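Novice: Next up, entry-v7.txt (compact mmCIF, C-alpha atoms).
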# COMPACT_ATOMS: atom_id res chain seq x y z
CA MET A 1 0.00 0.00 0.00
CA LEU A 2 1.23 3.50 -0.84
CA GLY A 3 1.43 6.02 2.01
CA ALA A 4 -0.71 9.18 2.12
CA GLY A 5 2.30 11.49 1.78
CA LEU A 6 3.54 9.65 -1.29
CA ILE A 7 0.06 9.67 -2.87
CA LEU A 8 -0.27 13.44 -2.34
CA PHE A 9 3.21 13.95 -3.80
CA LEU A 10 2.22 11.86 -6.84
CA ALA A 11 -1.00 13.90 -7.09
CA ALA A 12 0.87 17.20 -7.29
CA LEU A 13 3.37 15.69 -9.73
CA GLN A 14 0.55 14.25 -11.85
CA GLY A 15 -1.32 17.58 -11.85
CA VAL A 16 1.69 19.52 -13.09
CA THR A 17 2.91 17.00 -15.63
CA GLU A 18 -0.26 15.47 -17.13
CA LEU A 19 -1.09 18.47 -19.30
CA PHE A 20 2.40 19.84 -19.82
CA PRO A 21 3.94 17.94 -22.74
CA VAL A 22 6.36 16.09 -20.47
CA SER A 23 4.61 12.77 -19.62
CA SER A 24 3.02 12.43 -16.20
CA LEU A 25 3.47 8.66 -16.27
CA GLY A 26 7.16 9.01 -17.07
CA HIS A 27 7.52 11.43 -14.15
CA ALA A 28 5.59 9.14 -11.78
CA VAL A 29 7.95 6.29 -12.65
CA VAL A 30 11.26 8.21 -12.83
CA VAL A 31 11.09 11.15 -10.38
CA PRO A 32 10.39 9.24 -7.12
CA ARG A 33 13.36 6.97 -7.84
CA LEU A 34 15.52 9.88 -8.85
CA ILE A 35 14.91 11.79 -5.61
CA GLY A 36 15.27 8.68 -3.49
CA LEU A 37 11.66 8.00 -2.51
CA ASN A 38 11.51 4.38 -1.49
CA PHE A 39 8.51 2.71 -3.06
CA ASN A 40 7.78 -0.10 -5.44
CA GLU A 41 6.38 0.92 -8.85
CA THR A 42 5.32 -2.68 -9.43
CA SER A 43 2.95 -2.49 -6.42
CA PRO A 44 -0.57 -3.56 -7.51
CA ALA A 45 -1.85 -0.24 -6.11
CA PHE A 46 0.48 1.98 -8.17
CA VAL A 47 -1.42 2.05 -11.48
CA PRO A 48 -4.92 2.27 -9.88
CA VAL A 49 -3.71 5.16 -7.66
CA LEU A 50 -2.42 6.95 -10.76
CA ALA A 51 -5.77 6.24 -12.40
CA LEU A 52 -7.54 7.81 -9.41
CA LEU A 53 -5.42 10.93 -9.91
CA HIS A 54 -6.37 10.90 -13.60
CA ILE A 55 -10.00 11.37 -12.59
CA GLY A 56 -8.99 14.64 -10.90
CA THR A 57 -7.10 15.72 -14.02
CA ALA A 58 -10.02 14.79 -16.28
CA ALA A 59 -12.38 16.78 -14.04
CA ALA A 60 -10.07 19.80 -14.39
CA LEU A 61 -10.15 19.47 -18.19
CA LEU A 62 -13.93 19.06 -18.20
CA PHE A 63 -14.22 22.23 -16.09
CA LEU A 64 -11.74 24.16 -18.25
CA TYR A 65 -13.65 23.32 -21.44
CA ARG A 66 -17.11 22.94 -19.90
CA ARG A 67 -18.86 25.08 -22.54
CA ASP A 68 -17.07 23.23 -25.36
CA TRP A 69 -18.07 19.86 -23.88
CA VAL A 70 -21.74 20.84 -23.68
CA ARG A 71 -21.63 21.80 -27.38
CA ILE A 72 -19.59 18.68 -28.27
CA ILE A 73 -22.01 16.28 -26.53
CA ARG A 74 -25.05 17.95 -28.09
CA GLY A 75 -23.29 17.91 -31.45
CA PHE A 76 -22.42 14.23 -31.16
CA ILE A 77 -26.00 13.24 -30.33
CA ARG A 78 -27.40 15.29 -33.23
CA ALA A 79 -24.81 13.93 -35.69
CA ALA A 80 -25.27 10.33 -34.48
CA VAL A 81 -29.05 10.49 -34.86
CA ARG A 82 -29.03 12.19 -38.27
CA GLY A 83 -26.06 10.25 -39.62
CA ARG A 84 -24.44 13.37 -41.04
CA ILE A 85 -22.42 16.40 -39.97
CA ASP A 86 -24.21 19.74 -40.30
CA ASP A 87 -22.23 22.22 -38.17
CA PRO A 88 -18.79 22.79 -36.56
CA ASP A 89 -19.87 21.41 -33.16
CA GLN A 90 -20.97 18.13 -34.73
CA ARG A 91 -17.76 18.04 -36.73
CA LEU A 92 -15.62 18.58 -33.61
CA ALA A 93 -17.56 15.87 -31.76
CA ILE A 94 -17.02 13.32 -34.53
CA MET A 95 -13.34 14.34 -34.82
CA LEU A 96 -12.86 13.64 -31.12
CA VAL A 97 -14.57 10.25 -31.41
CA VAL A 98 -12.50 9.33 -34.47
CA GLY A 99 -9.30 10.54 -32.78
CA THR A 100 -10.03 8.63 -29.56
CA ILE A 101 -10.77 5.23 -31.13
CA PRO A 102 -7.14 4.17 -31.92
CA THR A 103 -5.86 4.79 -28.38
CA GLY A 104 -9.00 3.34 -26.81
CA ILE A 105 -8.76 0.07 -28.69
CA ILE A 106 -4.97 -0.38 -28.63
CA GLY A 107 -4.73 0.69 -24.98
CA PHE A 108 -7.41 -1.80 -24.01
CA LEU A 109 -5.82 -4.66 -25.96
CA LEU A 110 -2.27 -4.01 -24.75
CA GLN A 111 -2.98 -2.90 -21.19
CA ASP A 112 -1.21 -5.82 -19.50
CA PRO A 113 2.10 -5.69 -21.43
CA LEU A 114 2.10 -1.90 -21.08
CA LYS A 115 1.60 -2.08 -17.31
CA SER A 116 4.79 -4.13 -17.04
CA LEU A 117 6.71 -1.15 -18.44
CA PHE A 118 5.41 1.08 -15.62
CA GLY A 119 7.81 -0.60 -13.20
CA ASP A 120 10.87 0.11 -15.33
CA PRO A 121 12.31 3.60 -14.67
CA ARG A 122 15.13 3.11 -17.17
CA ALA A 123 12.66 2.33 -19.98
CA ALA A 124 10.66 5.42 -18.95
CA SER A 125 13.88 7.47 -19.04
CA VAL A 126 14.56 6.35 -22.61
CA PHE A 127 11.00 7.23 -23.63
CA LEU A 128 11.35 10.66 -21.97
CA ILE A 129 14.35 11.34 -24.22
CA VAL A 130 12.29 10.13 -27.20
CA ASN A 131 9.49 12.48 -26.11
CA GLY A 132 11.94 15.38 -26.07
CA GLY A 133 13.03 14.40 -29.57
CA ILE A 134 9.42 14.35 -30.80
CA LEU A 135 8.73 17.86 -29.42
CA PHE A 136 11.99 19.19 -30.81
CA ALA A 137 11.34 17.64 -34.24
CA ALA A 138 7.81 19.08 -34.37
CA GLU A 139 9.11 22.58 -33.61
CA MET A 140 11.94 22.19 -36.12
CA PHE A 141 9.40 21.18 -38.77
CA ARG A 142 7.23 24.14 -37.79
CA ARG A 143 10.08 26.67 -37.97
CA ARG A 144 11.03 25.43 -41.42
CA ASP A 145 7.40 25.73 -42.53
CA GLU A 146 7.16 29.26 -41.09
CA ARG A 147 10.33 30.33 -42.95
CA ARG A 148 8.96 28.85 -46.19
CA ARG A 149 5.69 30.71 -45.74
CA ALA A 150 7.47 33.95 -44.83
CA VAL A 151 9.51 33.80 -48.04
CA ALA A 152 6.38 33.11 -50.12
CA SER A 153 4.28 35.81 -48.42
CA THR A 154 4.50 39.55 -48.98
CA GLN A 155 2.87 40.29 -45.60
CA VAL A 156 4.98 41.26 -42.60
CA LEU A 157 3.59 39.48 -39.53
CA ALA A 158 4.16 40.48 -35.90
CA HIS A 159 4.30 36.79 -35.05
CA GLU A 160 4.51 33.69 -37.18
CA GLU A 161 1.37 32.34 -35.56
CA ASP A 162 -0.58 35.20 -37.17
CA ASP A 163 -0.09 33.55 -40.56
CA PRO A 164 -3.62 32.80 -41.79
CA GLY A 165 -2.26 29.55 -43.23
CA TYR A 166 -2.16 28.17 -39.69
CA GLN A 167 -5.58 27.11 -38.61
CA GLY A 168 -7.85 26.38 -35.69
CA ILE A 169 -9.42 23.02 -34.88
CA ASP A 170 -12.32 23.79 -37.24
CA GLY A 171 -9.94 23.55 -40.19
CA LEU A 172 -8.84 19.98 -39.42
CA SER A 173 -10.12 17.15 -41.59
CA LEU A 174 -11.50 13.93 -40.10
CA ARG A 175 -8.55 12.07 -41.63
CA THR A 176 -6.09 14.37 -39.86
CA ALA A 177 -7.99 13.90 -36.59
CA LEU A 178 -7.62 10.13 -37.04
CA ILE A 179 -3.88 10.48 -37.71
CA VAL A 180 -3.44 12.68 -34.63
CA GLY A 181 -5.43 10.04 -32.72
CA PHE A 182 -3.00 7.36 -33.87
CA PHE A 183 -0.12 9.48 -32.57
CA GLN A 184 -1.84 9.50 -29.18
CA VAL A 185 -1.31 5.73 -29.04
CA GLY A 186 2.38 6.48 -28.38
CA ALA A 187 1.39 8.04 -25.07
CA LEU A 188 0.54 4.59 -23.73
CA LEU A 189 4.28 4.23 -23.17
CA PRO A 190 5.55 5.73 -19.89
CA GLY A 191 7.70 8.71 -20.88
CA ILE A 192 5.81 9.67 -24.03
CA SER A 193 3.50 12.58 -23.26
CA ARG A 194 -0.11 12.33 -24.43
CA SER A 195 -0.52 16.09 -24.76
CA GLY A 196 3.00 16.42 -26.17
CA ILE A 197 2.66 13.90 -28.96
CA THR A 198 -0.79 15.14 -29.98
CA MET A 199 0.37 18.79 -29.86
CA ALA A 200 3.36 17.81 -32.02
CA ALA A 201 1.05 16.07 -34.50
CA GLY A 202 -1.30 19.07 -34.44
CA LEU A 203 1.58 21.47 -35.20
CA VAL A 204 2.71 19.32 -38.11
CA ALA A 205 -0.91 19.26 -39.33
CA GLY A 206 -0.86 23.08 -39.41
CA LEU A 207 -2.66 24.03 -36.19
CA ARG A 208 -1.65 27.16 -34.30
CA HIS A 209 0.19 26.32 -31.05
CA GLU A 210 -2.70 27.29 -28.77
CA GLU A 211 -5.20 25.38 -30.92
CA ALA A 212 -2.90 22.33 -31.00
CA ALA A 213 -2.93 22.40 -27.18
CA ARG A 214 -6.72 22.84 -27.10
CA PHE A 215 -7.21 19.89 -29.46
CA ALA A 216 -4.75 17.79 -27.43
CA PHE A 217 -6.63 18.58 -24.20
CA LEU A 218 -10.05 17.86 -25.71
CA LEU A 219 -8.78 14.63 -27.27
CA ALA A 220 -7.14 13.54 -24.02
CA THR A 221 -10.18 14.08 -21.80
CA PRO A 222 -12.24 10.96 -22.72
CA ILE A 223 -9.18 8.68 -22.54
CA ILE A 224 -7.98 10.10 -19.20
CA LEU A 225 -11.48 9.86 -17.73
CA ALA A 226 -12.09 6.34 -19.05
CA ALA A 227 -8.67 5.13 -17.85
CA GLY A 228 -9.43 6.51 -14.41
CA LEU A 229 -12.94 5.11 -14.12
CA LEU A 230 -12.04 1.66 -15.48
CA GLU A 231 -8.88 1.25 -13.40
CA VAL A 232 -10.02 2.56 -10.00
CA PRO A 233 -12.04 -0.60 -9.14
CA ASN A 234 -8.69 -2.48 -9.23
CA LEU A 235 -7.55 -0.60 -6.09
CA GLY A 236 -9.08 -3.34 -3.95
CA ALA A 237 -7.42 -3.91 -0.60
CA ASP A 238 -4.58 -1.52 -1.50
CA ALA A 239 -6.92 1.47 -1.80
CA PRO A 240 -5.97 4.62 0.13
CA THR A 241 -8.52 5.91 2.64
CA LEU A 242 -11.49 7.76 1.13
CA GLY A 243 -10.22 11.10 2.43
CA VAL A 244 -6.74 10.61 1.01
CA GLY A 245 -8.18 9.39 -2.31
CA ILE A 246 -10.54 12.34 -2.73
CA GLY A 247 -7.93 14.81 -1.49
CA ALA A 248 -5.32 13.47 -3.89
CA ALA A 249 -7.69 13.53 -6.88
CA ALA A 250 -8.74 17.09 -5.96
CA LEU A 251 -5.12 18.21 -5.59
CA ALA A 252 -4.25 16.69 -8.98
CA GLY A 253 -7.28 18.45 -10.50
CA VAL A 254 -6.52 21.91 -9.06
CA VAL A 255 -2.85 21.74 -10.05
CA ALA A 256 -3.78 20.42 -13.53
CA TYR A 257 -6.26 23.28 -14.04
CA ALA A 258 -3.63 25.88 -13.13
CA SER A 259 -1.06 24.13 -15.35
CA ALA A 260 -3.43 24.02 -18.33
CA ARG A 261 -4.29 27.73 -17.97
CA PHE A 262 -0.60 28.57 -17.77
CA LEU A 263 0.28 26.40 -20.78
CA LEU A 264 -2.48 27.84 -22.97
CA ARG A 265 -1.31 31.37 -22.15
CA TYR A 266 2.33 30.44 -22.73
CA LEU A 267 1.58 28.87 -26.12
CA ARG A 268 0.06 32.09 -27.48
CA LEU A 269 3.65 33.12 -28.20
CA GLY A 270 5.82 30.32 -26.84
CA ARG A 271 7.04 27.06 -28.32
CA LEU A 272 7.54 23.50 -27.12
CA ASP A 273 11.37 23.61 -27.19
CA PRO A 274 11.86 24.21 -23.42
CA PHE A 275 9.79 21.11 -22.69
CA ALA A 276 11.84 19.14 -25.23
CA TYR A 277 15.11 20.08 -23.51
CA TYR A 278 13.62 19.37 -20.08
CA CYS A 279 12.43 15.87 -21.10
CA ALA A 280 15.78 15.01 -22.64
CA ALA A 281 17.58 16.18 -19.49
CA LEU A 282 15.28 14.28 -17.12
CA GLY A 283 15.52 11.14 -19.24
CA ALA A 284 19.32 11.38 -19.32
CA ALA A 285 19.40 11.89 -15.54
CA GLY A 286 17.22 8.80 -15.11
CA LEU A 287 19.56 6.70 -17.24
CA VAL A 288 22.64 7.95 -15.39
CA PHE A 289 21.41 7.85 -11.79
CA ILE A 290 18.84 5.01 -11.68
CA HIS A 291 20.27 1.51 -11.66
CA MET B 1 -20.61 12.12 -48.94
CA ARG B 2 -22.40 9.31 -50.75
CA GLY B 3 -23.47 6.41 -48.58
CA SER B 4 -22.68 2.76 -49.03
CA ARG B 5 -25.32 0.18 -48.17
CA PRO B 6 -22.84 -2.79 -47.97
CA LEU B 7 -20.60 -0.80 -45.59
CA ALA B 8 -23.61 0.12 -43.44
CA ILE B 9 -24.70 -3.53 -43.30
CA ALA B 10 -21.14 -4.65 -42.42
CA LEU B 11 -20.99 -2.09 -39.62
CA LEU B 12 -24.38 -3.23 -38.30
CA ALA B 13 -23.15 -6.85 -38.33
CA LEU B 14 -20.09 -5.69 -36.40
CA ALA B 15 -22.39 -3.91 -33.94
CA VAL B 16 -24.32 -7.15 -33.38
CA ILE B 17 -21.08 -9.05 -32.70
CA PHE B 18 -19.95 -6.35 -30.24
CA ALA B 19 -23.37 -6.42 -28.56
CA LEU B 20 -23.23 -10.20 -28.15
CA ALA B 21 -19.74 -9.89 -26.67
CA ALA B 22 -20.97 -7.18 -24.28
CA ILE B 23 -23.93 -9.33 -23.18
CA PHE B 24 -21.59 -12.29 -22.74
CA TYR B 25 -19.20 -10.33 -20.52
CA PHE B 26 -22.04 -8.75 -18.53
CA THR B 27 -23.71 -12.09 -17.80
CA GLN B 28 -21.05 -14.82 -17.74
CA LYS B 29 -18.22 -15.43 -15.32
CA THR B 30 -15.26 -16.04 -17.59
CA SER B 31 -11.61 -16.83 -17.32
CA PHE B 32 -10.84 -18.18 -20.78
CA LEU B 33 -11.24 -14.99 -22.80
CA ALA B 34 -9.60 -12.82 -20.20
CA SER B 35 -6.83 -13.54 -17.77
CA GLY B 36 -7.45 -14.27 -14.09
CA ARG B 37 -9.99 -16.22 -12.08
CA PRO B 38 -13.59 -16.66 -13.31
CA ALA B 39 -15.44 -13.40 -12.76
CA ILE B 40 -17.74 -10.91 -14.45
CA HIS B 41 -15.43 -8.75 -16.53
CA TRP B 42 -17.11 -5.36 -16.24
CA LYS B 43 -14.31 -3.53 -18.04
CA HIS B 44 -14.63 -5.75 -21.12
CA ALA B 45 -18.42 -5.49 -21.00
CA ILE B 46 -18.35 -1.68 -20.87
CA VAL B 47 -15.79 -1.44 -23.69
CA PHE B 48 -17.87 -3.73 -25.93
CA THR B 49 -20.99 -1.70 -25.14
CA VAL B 50 -19.21 1.48 -26.23
CA LEU B 51 -17.94 -0.27 -29.38
CA THR B 52 -21.53 -1.41 -30.14
CA LEU B 53 -22.78 2.18 -29.94
CA LEU B 54 -19.93 3.45 -32.10
CA ALA B 55 -20.55 0.76 -34.74
CA VAL B 56 -24.26 1.69 -34.86
CA VAL B 57 -23.40 5.39 -35.22
CA ALA B 58 -20.85 4.57 -37.94
CA ALA B 59 -23.48 2.46 -39.77
CA ASN B 60 -25.89 5.40 -39.60
CA PHE B 61 -23.23 7.62 -41.18
CA ALA B 62 -22.45 5.04 -43.85
CA ARG B 63 -26.03 4.35 -45.00
CA PRO B 64 -27.24 6.02 -48.20
CA LYS B 65 -29.39 9.08 -47.42
CA SER B 66 -32.29 10.48 -49.36
CA ILE B 67 -31.53 13.94 -50.75
CA ASN B 68 -33.86 16.73 -49.56
CA VAL B 69 -33.90 19.76 -51.86
Represent the structure from my file as structure tokens, please.
Specialist:
Amino acid sequence: MLGAGLILFLAALQGVTELFPVSSLGHAVVVPRLIGLNFNETSPAFVPVLALLHIGTAAALLFLYRRDWVRIIRGFIRAAVRGRIDDPDQRLAIMLVVGTIPTGIIGFLLQDPLKSLFGDPRAASVFLIVNGGILFAAEMFRRRDERRRAVASTQVLAHEEDDPGYQGIDGLSLRTALIVGFFQVGALLPGISRSGITMAAGLVAGLRHEEAARFAFLLATPIILAAGLLEVPNLGADAPTLGVGIGAAALAGVVAYASARFLLRYLRLGRLDPFAYYCAALGAAGLVFIH
Amino acid sequence: MRGSRPLAIALLALAVIFALAAIFYFTQKTSFLASGRPAIHWKHAIVFTVLTLLAVVAANFARPKSINV
């Protein structure tokens, strides 16, 4: 059984790292070992406790995009009943369903082999470095694209993101949503960030940074919520007390909400490079110091 | 987008298979299709229920529609 202090520490860590493109699962596996916290990641309670924290994170995302989710759910019901897409809300709803299916199915089929990786901090360290590489590559691709557009355009823009060629979620095709959804499958590996890999795919698909983050958060919500709700019953005898469980989920949710607000503001002008360097550094530290 | 009756029928058939699997997992204690001791596998049952709904929705999208002018 995991102690209350450790669970609250994991909650804060999960809240900060779930929505930043740095892999919360990778952090939960690597950071405690790196700072010398003595606990067993292969404990049967570890994954269900993380899943409990995911419910807090999912609640934060639902609250952050509450108006969007009302429109998305209404849109999905209307589109499902009519069998066609008539407006942007219905289109967004179907895009989210299409984008969620690959991770939902593959995650469900491979859940047992994937869980075995959760107890391997060195594997998570390698995947953290890979995650940094993915973020860096996406930004490199984006910079090259921005330079190409700047040469072709006669307009002088205050910021590259103002280029009308970069779009919002409404401009995505269903096929692109499916491809971004397939990228999200990578986040089943501890160390690969769900929001990071979908933001990277969104940037390559031509979304503005802030819209790529918004799409990543919307796409992540059903998976995070489902993972939490389906895994929590496995807590069994190792479950923390009700107070600790609710407190930890609430802490994860509050921290995740603040993190998401910060990230969305940052991405109005910022890029993913700092997160790429951070992931590479943390992964390298894990490989060097964890044996 | 033009509809496809064969695709809609295939998706409906898939929905029926998913529904049968969901009913099976909701009602039978199993250990041979899922690891572990014999038990009701709620997680599998819920996932197959969701897949059933998605297959029905996909079939509704795929069916040919009458054109209203």
Novice: Pick from A:Val31, A:Met199, A:Arg82, A:Ala4: nearest to B:Ser66, with all atoms listed in the file counted?
Specialist: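 Once distances to B:Ser66 are computed over all atoms listed in the file, the minimum belongs to A:Arg82.
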Novice: Tell me which protein, DNA and RNA residues are within 9 Å of A:Ala59, counting all atoms listed in the file, leaving out same-chain ones fewer than 4 positions away, and put them as a list in words.
Specialist: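 Once the adjacent positions are removed, what remains is His54, Ile55, Phe63, Leu64, Thr221, Leu225, Ala250, Gly253 and Tyr257 of chain A.
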Novice: Using only C-alpha atoms, pick whichever of B:Thr52, B:Ile46, B:Ala21, B:Pro6 has the shortest atom-to-atom distance to chain A.
Specialist: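 Smallest distance to chain A is found for B:Ile46.
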Novice: I want to know what sits within 10 Å of A:Ile77, based on all atoms listed in the file, with residues of the same chain fewer than 6 positions away left out; could you give that as a VMD selection string?
Specialist: (chain A and resid 83 90 93 to 94) or (chain B and resid 57)
Novice: Go ahead and write the residues just picked, C-alpha atoms, as an mmCIF file, in the frame of the given file.
Specialist:
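This went into result_25.cif:
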data_model
loop_
_atom_site.group_PDB
_atom_site.id
_atom_site.type_symbol
_atom_site.label_atom_id
_atom_site.label_comp_id
_atom_site.auth_asym_id
_atom_site.auth_seq_id
_atom_site.Cartn_x
_atom_site.Cartn_y
_atom_site.Cartn_z
ATOM 1 C CA GLY A 83 -26.060 10.250 -39.620
ATOM 2 C CA GLN A 90 -20.970 18.130 -34.730
ATOM 3 C CA ALA A 93 -17.560 15.870 -31.760
ATOM 4 C CA ILE A 94 -17.020 13.320 -34.530
ATOM 5 C CA VAL B 57 -23.400 5.390 -35.220
#
Novice: Mind listing whatever residues come within 12 Å of the point (-10.8, 5.9, -18.1)? Use only C-alpha atoms, file coordinates, and give them as a PyMOL selection string.
Specialist: (chain A and resi 48+50-59+100+103-104+107-108+220-233) or (chain B and resi 43+46-47)
